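Pasting coords_29.json here (JSON, C-alpha atoms and all ligand atoms):
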```json
[["chain", "number", "residue", "atom", "x", "y", "z"],
["A", 1, "MET", "CA", 114.55, 95.75, 89.90],
["A", 2, "LYS", "CA", 111.55, 93.84, 91.21],
["A", 3, "ALA", "CA", 108.20, 95.61, 91.24],
["A", 4, "ASP", "CA", 104.61, 94.54, 91.89],
["A", 5, "ASN", "CA", 101.78, 95.83, 89.75],
["A", 6, "ARG", "CA", 98.64, 95.77, 91.88],
["A", 7, "LEU", "CA", 95.60, 96.11, 89.67],
["A", 8, "HIS", "CA", 92.99, 97.29, 92.15],
["A", 9, "PHE", "CA", 89.94, 98.54, 90.28],
["A", 10, "GLY", "CA", 91.87, 97.77, 87.07],
["A", 11, "VAL", "CA", 94.23, 100.68, 87.81],
["A", 12, "SER", "CA", 97.99, 100.11, 88.11],
["A", 13, "ILE", "CA", 99.46, 100.80, 91.53],
["A", 14, "LEU", "CA", 103.14, 99.93, 91.21],
["A", 15, "GLU", "CA", 105.13, 99.04, 94.30],
["A", 16, "THR", "CA", 108.83, 98.52, 94.74],
["A", 17, "SER", "CA", 111.47, 99.13, 97.39],
["A", 18, "LEU", "CA", 114.61, 101.26, 97.25],
["A", 19, "PRO", "CA", 117.53, 99.57, 99.05],
["A", 20, "TRP", "CA", 119.48, 102.84, 99.00],
["A", 21, "LEU", "CA", 116.66, 104.58, 100.83],
["A", 22, "LEU", "CA", 116.40, 101.82, 103.42],
["A", 23, "GLU", "CA", 120.14, 102.25, 104.16],
["A", 24, "ASN", "CA", 119.94, 106.05, 104.30],
["A", 25, "HIS", "CA", 116.55, 106.70, 105.83],
["A", 26, "SER", "CA", 117.87, 107.93, 109.22],
["A", 27, "PRO", "CA", 120.11, 110.73, 107.87],
["A", 28, "LEU", "CA", 117.37, 111.61, 105.36],
["A", 29, "ARG", "CA", 114.82, 111.86, 108.15],
["A", 30, "ASP", "CA", 117.14, 114.19, 110.09],
["A", 31, "CYS", "CA", 117.78, 116.25, 106.98],
["A", 32, "LEU", "CA", 114.04, 116.73, 106.29],
["A", 33, "LEU", "CA", 113.28, 117.55, 109.93],
["A", 34, "THR", "CA", 116.02, 120.21, 109.79],
["A", 35, "LEU", "CA", 114.57, 121.54, 106.54],
["A", 36, "ARG", "CA", 111.17, 121.96, 108.19],
["A", 37, "HIS", "CA", 112.80, 123.69, 111.14],
["A", 38, "GLN", "CA", 114.60, 126.13, 108.84],
["A", 39, "SER", "CA", 111.62, 126.82, 106.56],
["A", 40, "GLU", "CA", 109.37, 129.71, 107.46],
["A", 41, "GLN", "CA", 106.15, 128.06, 106.33],
["A", 42, "GLY", "CA", 105.16, 125.07, 104.27],
["A", 43, "LEU", "CA", 102.57, 124.89, 101.50],
["A", 44, "GLN", "CA", 98.87, 124.18, 102.03],
["A", 45, "ARG", "CA", 97.69, 121.35, 99.79],
["A", 46, "SER", "CA", 95.98, 118.14, 100.94],
["A", 47, "ASN", "CA", 97.87, 118.30, 104.25],
["A", 48, "GLN", "CA", 95.73, 118.71, 107.35],
["A", 49, "ARG", "CA", 97.92, 119.71, 110.30],
["A", 50, "GLY", "CA", 100.95, 118.27, 108.51],
["A", 51, "TRP", "CA", 103.90, 120.11, 106.94],
["A", 52, "HIS", "CA", 104.27, 120.19, 103.13],
["A", 53, "SER", "CA", 107.62, 121.48, 101.83],
["A", 54, "GLN", "CA", 108.11, 123.51, 98.67],
["A", 55, "ASP", "CA", 107.42, 121.58, 95.44],
["A", 56, "ASP", "CA", 110.98, 121.70, 94.13],
["A", 57, "LEU", "CA", 112.75, 119.61, 96.73],
["A", 58, "PHE", "CA", 114.95, 118.26, 93.89],
["A", 59, "ASN", "CA", 116.62, 121.70, 93.75],
["A", 60, "SER", "CA", 118.01, 121.23, 97.25],
["A", 61, "ASP", "CA", 121.81, 121.49, 97.57],
["A", 62, "ASP", "CA", 121.86, 118.70, 100.13],
["A", 63, "PRO", "CA", 123.73, 115.69, 98.67],
["A", 64, "LEU", "CA", 121.35, 113.21, 100.33],
["A", 65, "ILE", "CA", 118.28, 114.88, 98.81],
["A", 66, "GLN", "CA", 120.11, 115.01, 95.48],
["A", 67, "GLN", "CA", 120.67, 111.25, 95.67],
["A", 68, "LEU", "CA", 117.05, 110.67, 96.64],
["A", 69, "SER", "CA", 115.89, 112.75, 93.65],
["A", 70, "GLN", "CA", 118.09, 110.69, 91.36],
["A", 71, "GLN", "CA", 116.72, 107.41, 92.76],
["A", 72, "VAL", "CA", 113.11, 108.58, 92.44],
["A", 73, "PHE", "CA", 113.76, 109.78, 88.89],
["A", 74, "GLU", "CA", 115.53, 106.62, 87.71],
["A", 75, "VAL", "CA", 113.21, 104.07, 89.32],
["A", 76, "GLY", "CA", 110.05, 106.08, 88.61],
["A", 77, "THR", "CA", 110.98, 106.44, 84.96],
["A", 78, "GLN", "CA", 111.55, 102.70, 84.61],
["A", 79, "LEU", "CA", 108.22, 101.85, 86.26],
["A", 80, "ILE", "CA", 106.28, 104.31, 84.10],
["A", 81, "ARG", "CA", 107.90, 103.16, 80.85],
["A", 82, "HIS", "CA", 107.07, 99.58, 81.77],
["A", 83, "ALA", "CA", 103.46, 100.32, 82.78],
["A", 84, "GLU", "CA", 102.80, 102.42, 79.68],
["A", 85, "LYS", "CA", 104.66, 100.02, 77.36],
["A", 86, "PHE", "CA", 106.78, 102.98, 76.28],
["A", 87, "PRO", "CA", 110.08, 102.52, 74.43],
["A", 88, "ALA", "CA", 113.24, 102.53, 76.56],
["A", 89, "ASP", "CA", 114.12, 106.08, 75.46],
["A", 90, "GLU", "CA", 110.69, 107.67, 76.17],
["A", 91, "LYS", "CA", 111.33, 111.01, 77.84],
["A", 92, "VAL", "CA", 109.81, 111.16, 81.32],
["A", 93, "LEU", "CA", 110.21, 114.24, 83.53],
["A", 94, "LEU", "CA", 110.24, 114.54, 87.32],
["A", 95, "SER", "CA", 108.18, 117.74, 87.53],
["A", 96, "SER", "CA", 107.77, 118.17, 91.28],
["A", 97, "MET", "CA", 108.90, 116.58, 94.51],
["A", 98, "TRP", "CA", 108.10, 117.55, 98.09],
["A", 99, "ALA", "CA", 108.38, 116.30, 101.66],
["A", 100, "ASN", "CA", 105.42, 115.58, 103.94],
["A", 101, "ILE", "CA", 105.91, 115.54, 107.69],
["A", 102, "ASN", "CA", 102.79, 114.46, 109.55],
["A", 103, "ASP", "CA", 102.87, 114.90, 113.32],
["A", 104, "PHE", "CA", 100.41, 113.40, 115.81],
["A", 105, "GLY", "CA", 96.88, 113.57, 114.39],
["A", 106, "ALA", "CA", 97.90, 114.85, 110.95],
["A", 107, "TRP", "CA", 96.35, 113.41, 107.78],
["A", 108, "ASN", "CA", 95.91, 114.20, 104.09],
["A", 109, "ALA", "CA", 92.48, 114.82, 102.60],
["A", 110, "PRO", "CA", 91.36, 112.97, 99.44],
["A", 111, "HIS", "CA", 92.98, 114.44, 96.32],
["A", 112, "ALA", "CA", 94.48, 113.61, 92.92],
["A", 113, "HIS", "CA", 97.50, 115.06, 91.08],
["A", 114, "LEU", "CA", 96.10, 116.09, 87.71],
["A", 115, "PRO", "CA", 97.19, 117.28, 85.17],
["A", 116, "CYS", "CA", 100.33, 115.21, 85.77],
["A", 117, "GLU", "CA", 100.37, 111.72, 84.29],
["A", 118, "TRP", "CA", 102.07, 109.67, 87.06],
["A", 119, "SER", "CA", 102.60, 110.35, 90.74],
["A", 120, "GLY", "CA", 104.01, 108.52, 93.69],
["A", 121, "VAL", "CA", 105.58, 108.47, 97.11],
["A", 122, "VAL", "CA", 108.57, 107.06, 98.97],
["A", 123, "TYR", "CA", 108.61, 106.46, 102.71],
["A", 124, "ILE", "CA", 111.44, 107.89, 104.81],
["A", 125, "ASP", "CA", 110.16, 107.17, 108.31],
["A", 126, "VAL", "CA", 106.88, 105.48, 109.22],
["A", 127, "ASN", "CA", 105.54, 103.13, 111.86],
["A", 128, "GLU", "CA", 105.53, 99.79, 110.03],
["A", 129, "ASN", "CA", 103.21, 98.17, 112.59],
["A", 130, "PRO", "CA", 100.51, 100.76, 113.25],
["A", 131, "GLN", "CA", 97.25, 100.23, 115.09],
["A", 132, "SER", "CA", 94.07, 99.41, 113.25],
["A", 133, "ALA", "CA", 90.93, 101.32, 114.07],
["A", 134, "GLY", "CA", 88.91, 98.52, 112.48],
["A", 135, "GLY", "CA", 87.78, 97.88, 108.95],
["A", 136, "GLY", "CA", 91.30, 96.81, 108.00],
["A", 137, "ILE", "CA", 92.57, 100.41, 107.83],
["A", 138, "HIS", "CA", 95.60, 101.24, 109.99],
["A", 139, "ASP", "CA", 96.76, 104.59, 111.35],
["A", 140, "GLY", "CA", 98.86, 106.34, 108.69],
["A", 141, "ASP", "CA", 97.72, 104.06, 105.85],
["A", 142, "ILE", "CA", 97.50, 105.41, 102.31],
["A", 143, "LEU", "CA", 94.06, 104.81, 100.80],
["A", 144, "PHE", "CA", 93.25, 104.71, 97.09],
["A", 145, "PHE", "CA", 89.71, 105.28, 95.80],
["A", 146, "ASP", "CA", 88.09, 103.36, 92.96],
["A", 147, "PRO", "CA", 87.49, 105.90, 90.14],
["A", 148, "ILE", "CA", 84.01, 104.34, 89.79],
["A", 149, "THR", "CA", 82.90, 104.62, 93.41],
["A", 150, "VAL", "CA", 79.84, 102.38, 93.35],
["A", 151, "GLY", "CA", 81.18, 99.47, 95.43],
["A", 152, "ALA", "CA", 79.22, 96.23, 95.85],
["A", 153, "PRO", "CA", 77.43, 94.59, 94.11],
["A", 154, "TYR", "CA", 78.96, 96.06, 90.96],
["A", 155, "ARG", "CA", 82.58, 96.67, 91.98],
["A", 156, "PRO", "CA", 85.11, 95.66, 94.67],
["A", 157, "ALA", "CA", 85.29, 97.70, 97.90],
["A", 158, "THR", "CA", 85.48, 101.42, 97.10],
["A", 159, "THR", "CA", 88.90, 101.90, 98.71],
["A", 160, "VAL", "CA", 92.05, 99.87, 99.15],
["A", 161, "SER", "CA", 94.55, 100.71, 101.89],
["A", 162, "TYR", "CA", 98.27, 100.05, 102.17],
["A", 163, "THR", "CA", 100.45, 100.19, 105.27],
["A", 164, "PRO", "CA", 103.73, 101.72, 104.12],
["A", 165, "LYS", "CA", 107.19, 100.36, 104.91],
["A", 166, "ILE", "CA", 110.37, 102.41, 105.19],
["A", 167, "GLY", "CA", 112.11, 102.41, 101.80],
["A", 168, "SER", "CA", 109.03, 101.43, 99.81],
["A", 169, "MET", "CA", 107.84, 103.34, 96.76],
["A", 170, "TYR", "CA", 104.40, 103.52, 95.16],
["A", 171, "VAL", "CA", 103.77, 104.91, 91.68],
["A", 172, "PHE", "CA", 100.22, 105.35, 90.35],
["A", 173, "PRO", "CA", 98.31, 107.32, 87.70],
["A", 174, "SER", "CA", 97.86, 110.93, 88.78],
["A", 175, "TYR", "CA", 94.08, 110.85, 88.35],
["A", 176, "LEU", "CA", 93.75, 108.23, 91.09],
["A", 177, "MET", "CA", 92.18, 109.79, 94.20],
["A", 178, "HIS", "CA", 93.97, 108.97, 97.44],
["A", 179, "MET", "CA", 94.33, 110.14, 101.02],
["A", 180, "VAL", "CA", 96.44, 109.48, 104.11],
["A", 181, "ALA", "CA", 94.76, 108.30, 107.32],
["A", 182, "PRO", "CA", 95.66, 110.14, 110.52],
["A", 183, "HIS", "CA", 98.22, 108.61, 112.83],
["A", 184, "PHE", "CA", 98.51, 109.06, 116.57],
["A", 185, "GLU", "CA", 102.15, 108.79, 117.54],
["A", 186, "GLU", "CA", 104.60, 111.43, 118.67],
["A", 187, "LYS", "CA", 107.13, 110.26, 116.08],
["A", 188, "PRO", "CA", 106.34, 112.04, 112.80],
["A", 189, "ARG", "CA", 105.38, 110.12, 109.66],
["A", 190, "ILE", "CA", 107.75, 111.30, 106.93],
["A", 191, "SER", "CA", 107.33, 110.72, 103.20],
["A", 192, "VAL", "CA", 108.47, 112.33, 99.96],
["A", 193, "ALA", "CA", 105.93, 112.57, 97.14],
["A", 194, "PHE", "CA", 106.46, 113.43, 93.49],
["A", 195, "ASN", "CA", 104.84, 113.98, 90.09],
["A", 196, "PHE", "CA", 106.01, 112.88, 86.67],
["A", 197, "ARG", "CA", 105.12, 114.28, 83.26],
["A", 198, "ILE", "CA", 105.34, 112.52, 79.92],
["A", 199, "ALA", "CA", 107.45, 114.95, 77.88],
["A", 200, "ARG", "CA", 105.66, 114.37, 74.57],
["A", 201, "ASN", "CA", 102.31, 115.43, 76.07],
["A", 202, "ILE", "CA", 103.71, 118.75, 77.24],
["A", 203, "GLU", "CA", 105.58, 119.32, 73.99],
["A", 204, "ALA", "CA", 102.41, 118.68, 71.99],
["A", 205, "ILE", "CA", 100.59, 121.33, 74.05],
["A", 206, "ALA", "CA", 103.49, 123.79, 73.78],
["A", 207, "ARG", "CA", 103.29, 123.76, 69.99],
["B", 301, "FE", "FE", 98.97, 112.84, 96.91]]
```

Kindly present the structure from the file in structure tokens form.
Amino acid sequence: MKADNRLHFGVSILETSLPWLLENHSPLRDCLLTLRHQSEQGLQRSNQRGWHSQDDLFNSDDPLIQQLSQQVFEVGTQLIRHAEKFPADEKVLLSSMWANINDFGAWNAPHAHLPCEWSGVVYIDVNENPQSAGGGIHDGDILFFDPITVGAPYRPATTVSYTPKIGSMYVFPSYLMHMVAPHFEEKPRISVAFNFRIARNIEAIAR
């Protein structure tokens, strides 16, 4: 597996792509749209106007979502072990996973995912060539915030933005503040986000 480790602000933002997801993104998109249609109401988190599924998407009976969960778990675990310099048998847990469906004008307010250790997102259906409103930020971009938000002349620009591609996956430390810029297309922007826990941290607390 090939992955990039982008060290903006000295914080790891890991990026890779999932070939399986790229091949299966259309049926997955349909599956998640159906799930939204069948669900009474989503959850209210950072989503503004968008739909946020339940947090345990990995418990779905749908074989496609099961496969997606397995991919996220396997690839995420590898990335985290590598970034943390953990041994190959370090126990990493996929603790939550949910779908985000952002319709026209929807966005996600700035937030972090504490107390989890690592979080991330995979993209099921996005516009890969969105418009830019200026300042280098495109509609539907994900923005990460420097934890030390002083900017110039002491630090690089306070935020960095990425334009997602279908099938790509980002994994980053859960303390890292981020948000999703609004997009203005009729076609919904669909992603699946997730949190990981390092098992030994939870076990230490439990005792
Ligand atoms: Fe998030």

Residues within 9 Å of ligand FE 301 (chain B) (all atoms listed in the file), as a ChimeraX atom specification? /A:46,108-113,119-121,174,177-180,193-194

Near A:Trp98, within 8 Å and counting only C-alpha atoms, which residues show up once chain neighbours fewer than 4 positions away are dropped, as a VMD selection string? chain A and resid 52 to 57 192 to 194

Those same residues, written as a compact mmCIF listing (two decimals), keeping the file's coordinate frame with C-alpha atoms?
```txt
# COMPACT_ATOMS: atom_id res chain seq x y z
CA HIS A 52 104.27 120.19 103.13
CA SER A 53 107.62 121.48 101.83
CA GLN A 54 108.11 123.51 98.67
CA ASP A 55 107.42 121.58 95.44
CA ASP A 56 110.98 121.70 94.13
CA LEU A 57 112.75 119.61 96.73
CA VAL A 192 108.47 112.33 99.96
CA ALA A 193 105.93 112.57 97.14
CA PHE A 194 106.46 113.43 93.49
```

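Using only C-alpha atoms, the shortest contact distance between A:Phe145 and any of A:Leu32, A:Ile101, A:Ala3, A:Val11 is found at A:Val11.
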
All residues 12 Å or closer to stretch 85-97 of chain A, only C-alpha atoms, same chain fewer than 5 positions away omitted, as a ChimeraX atom specification: /A:52-60,65-66,68-80,113,115-122,191-203

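Take atom CA of A:Leu14 and atom CA of A:Ile124: the distance between them is 17.8 Å.
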
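Each of A:Val126, A:Cys31, A:Ala83, A:Leu114 was checked against A:Phe184 using all atoms listed in the file; the smallest atom-to-atom distance is that of A:Val126.
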
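Residue nearest A:Ile190 within the list A:Phe144, A:Tyr154, A:Phe104, A:Tyr175: A:Phe104 [criterion: smallest interatomic distance, only C-alpha atoms].
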
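Of note, atom CA of A:Ile142 and atom CA of A:Ser161 are spaced 5.6 Å apart.
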
Will you give me stretch 136-150 of chain A, written with all heavy atoms and laid out as a compact mmCIF listing (two decimals), in the first residue's frame?
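Wrote decode-v1.txt, looks like this:
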```txt
# COMPACT_ATOMS: atom_id res chain seq x y z
N GLY A 136 -8.02 29.73 -2.77
CA GLY A 136 -7.52 28.36 -2.92
C GLY A 136 -8.44 27.31 -2.31
O GLY A 136 -8.16 26.13 -2.40
N ILE A 137 -9.55 27.71 -1.71
CA ILE A 137 -10.48 26.75 -1.10
C ILE A 137 -11.61 26.49 -2.09
O ILE A 137 -12.22 27.42 -2.62
CB ILE A 137 -11.04 27.29 0.23
CG1 ILE A 137 -9.90 27.50 1.23
CG2 ILE A 137 -12.08 26.32 0.81
CD1 ILE A 137 -10.31 28.23 2.49
N HIS A 138 -11.87 25.20 -2.34
CA HIS A 138 -12.93 24.80 -3.27
C HIS A 138 -14.18 24.38 -2.51
O HIS A 138 -14.11 23.94 -1.36
CB HIS A 138 -12.46 23.63 -4.14
CG HIS A 138 -11.29 23.97 -5.00
ND1 HIS A 138 -9.99 23.88 -4.53
CD2 HIS A 138 -11.22 24.40 -6.28
CE1 HIS A 138 -9.18 24.26 -5.50
NE2 HIS A 138 -9.88 24.58 -6.57
N ASP A 139 -15.31 24.44 -3.21
CA ASP A 139 -16.58 23.95 -2.64
C ASP A 139 -16.40 22.49 -2.22
O ASP A 139 -15.88 21.67 -3.00
CB ASP A 139 -17.70 24.02 -3.69
CG ASP A 139 -18.00 25.46 -4.11
OD1 ASP A 139 -17.45 26.39 -3.48
OD2 ASP A 139 -18.77 25.63 -5.07
N GLY A 140 -16.82 22.14 -1.01
CA GLY A 140 -16.75 20.75 -0.55
C GLY A 140 -15.38 20.32 -0.06
O GLY A 140 -15.20 19.16 0.30
N ASP A 141 -14.40 21.23 -0.03
CA ASP A 141 -13.07 20.87 0.49
C ASP A 141 -13.14 20.52 1.97
O ASP A 141 -13.99 21.04 2.70
CB ASP A 141 -12.10 22.06 0.36
CG ASP A 141 -11.40 22.11 -0.99
OD1 ASP A 141 -11.71 21.27 -1.87
OD2 ASP A 141 -10.55 23.00 -1.17
N ILE A 142 -12.21 19.68 2.41
CA ILE A 142 -12.00 19.48 3.85
C ILE A 142 -10.86 20.40 4.27
O ILE A 142 -9.83 20.48 3.58
CB ILE A 142 -11.74 17.99 4.20
CG1 ILE A 142 -11.60 17.83 5.73
CG2 ILE A 142 -10.54 17.42 3.47
CD1 ILE A 142 -11.66 16.38 6.19
N LEU A 143 -11.07 21.11 5.36
CA LEU A 143 -10.04 22.04 5.87
C LEU A 143 -9.55 21.56 7.23
O LEU A 143 -10.36 21.19 8.09
CB LEU A 143 -10.63 23.44 6.06
CG LEU A 143 -10.80 24.31 4.83
CD1 LEU A 143 -12.03 23.93 4.06
CD2 LEU A 143 -10.86 25.77 5.24
N PHE A 144 -8.24 21.59 7.41
CA PHE A 144 -7.63 21.26 8.70
C PHE A 144 -7.06 22.54 9.29
O PHE A 144 -6.49 23.37 8.55
CB PHE A 144 -6.53 20.23 8.52
CG PHE A 144 -7.04 18.89 8.05
CD1 PHE A 144 -6.99 18.54 6.70
CD2 PHE A 144 -7.58 17.98 8.95
CE1 PHE A 144 -7.46 17.31 6.27
CE2 PHE A 144 -8.06 16.75 8.53
CZ PHE A 144 -7.99 16.41 7.19
N PHE A 145 -7.16 22.66 10.61
CA PHE A 145 -6.70 23.87 11.31
C PHE A 145 -5.41 23.58 12.06
O PHE A 145 -5.33 22.58 12.79
CB PHE A 145 -7.75 24.33 12.34
CG PHE A 145 -9.03 24.83 11.73
CD1 PHE A 145 -9.88 23.97 11.05
CD2 PHE A 145 -9.40 26.15 11.86
CE1 PHE A 145 -11.07 24.43 10.50
CE2 PHE A 145 -10.59 26.62 11.32
CZ PHE A 145 -11.42 25.76 10.63
N ASP A 146 -4.46 24.48 11.95
CA ASP A 146 -3.24 24.38 12.74
C ASP A 146 -3.62 24.42 14.23
O ASP A 146 -4.36 25.32 14.65
CB ASP A 146 -2.33 25.59 12.41
CG ASP A 146 -0.96 25.50 13.08
OD1 ASP A 146 -0.79 24.68 14.01
OD2 ASP A 146 -0.08 26.26 12.66
N PRO A 147 -3.14 23.45 15.04
CA PRO A 147 -3.47 23.49 16.48
C PRO A 147 -2.95 24.76 17.16
O PRO A 147 -3.48 25.16 18.19
CB PRO A 147 -2.77 22.26 17.04
CG PRO A 147 -2.53 21.37 15.87
CD PRO A 147 -2.37 22.27 14.67
N ILE A 148 -1.91 25.38 16.59
CA ILE A 148 -1.43 26.67 17.12
C ILE A 148 -1.83 27.71 16.08
O ILE A 148 -1.13 27.94 15.10
CB ILE A 148 0.10 26.67 17.35
CG1 ILE A 148 0.48 25.49 18.25
CG2 ILE A 148 0.56 27.99 17.96
CD1 ILE A 148 1.97 25.30 18.42
N THR A 149 -2.97 28.35 16.29
CA THR A 149 -3.59 29.13 15.21
C THR A 149 -3.10 30.58 15.18
O THR A 149 -3.91 31.52 15.21
CB THR A 149 -5.12 29.10 15.35
OG1 THR A 149 -5.43 29.51 16.69
CG2 THR A 149 -5.68 27.73 15.11
N VAL A 150 -1.78 30.76 15.11
CA VAL A 150 -1.27 32.12 15.08
C VAL A 150 -0.99 32.61 13.65
O VAL A 150 -1.03 33.80 13.38
CB VAL A 150 0.00 32.28 15.95
CG1 VAL A 150 -0.34 32.11 17.42
CG2 VAL A 150 1.09 31.31 15.52
```
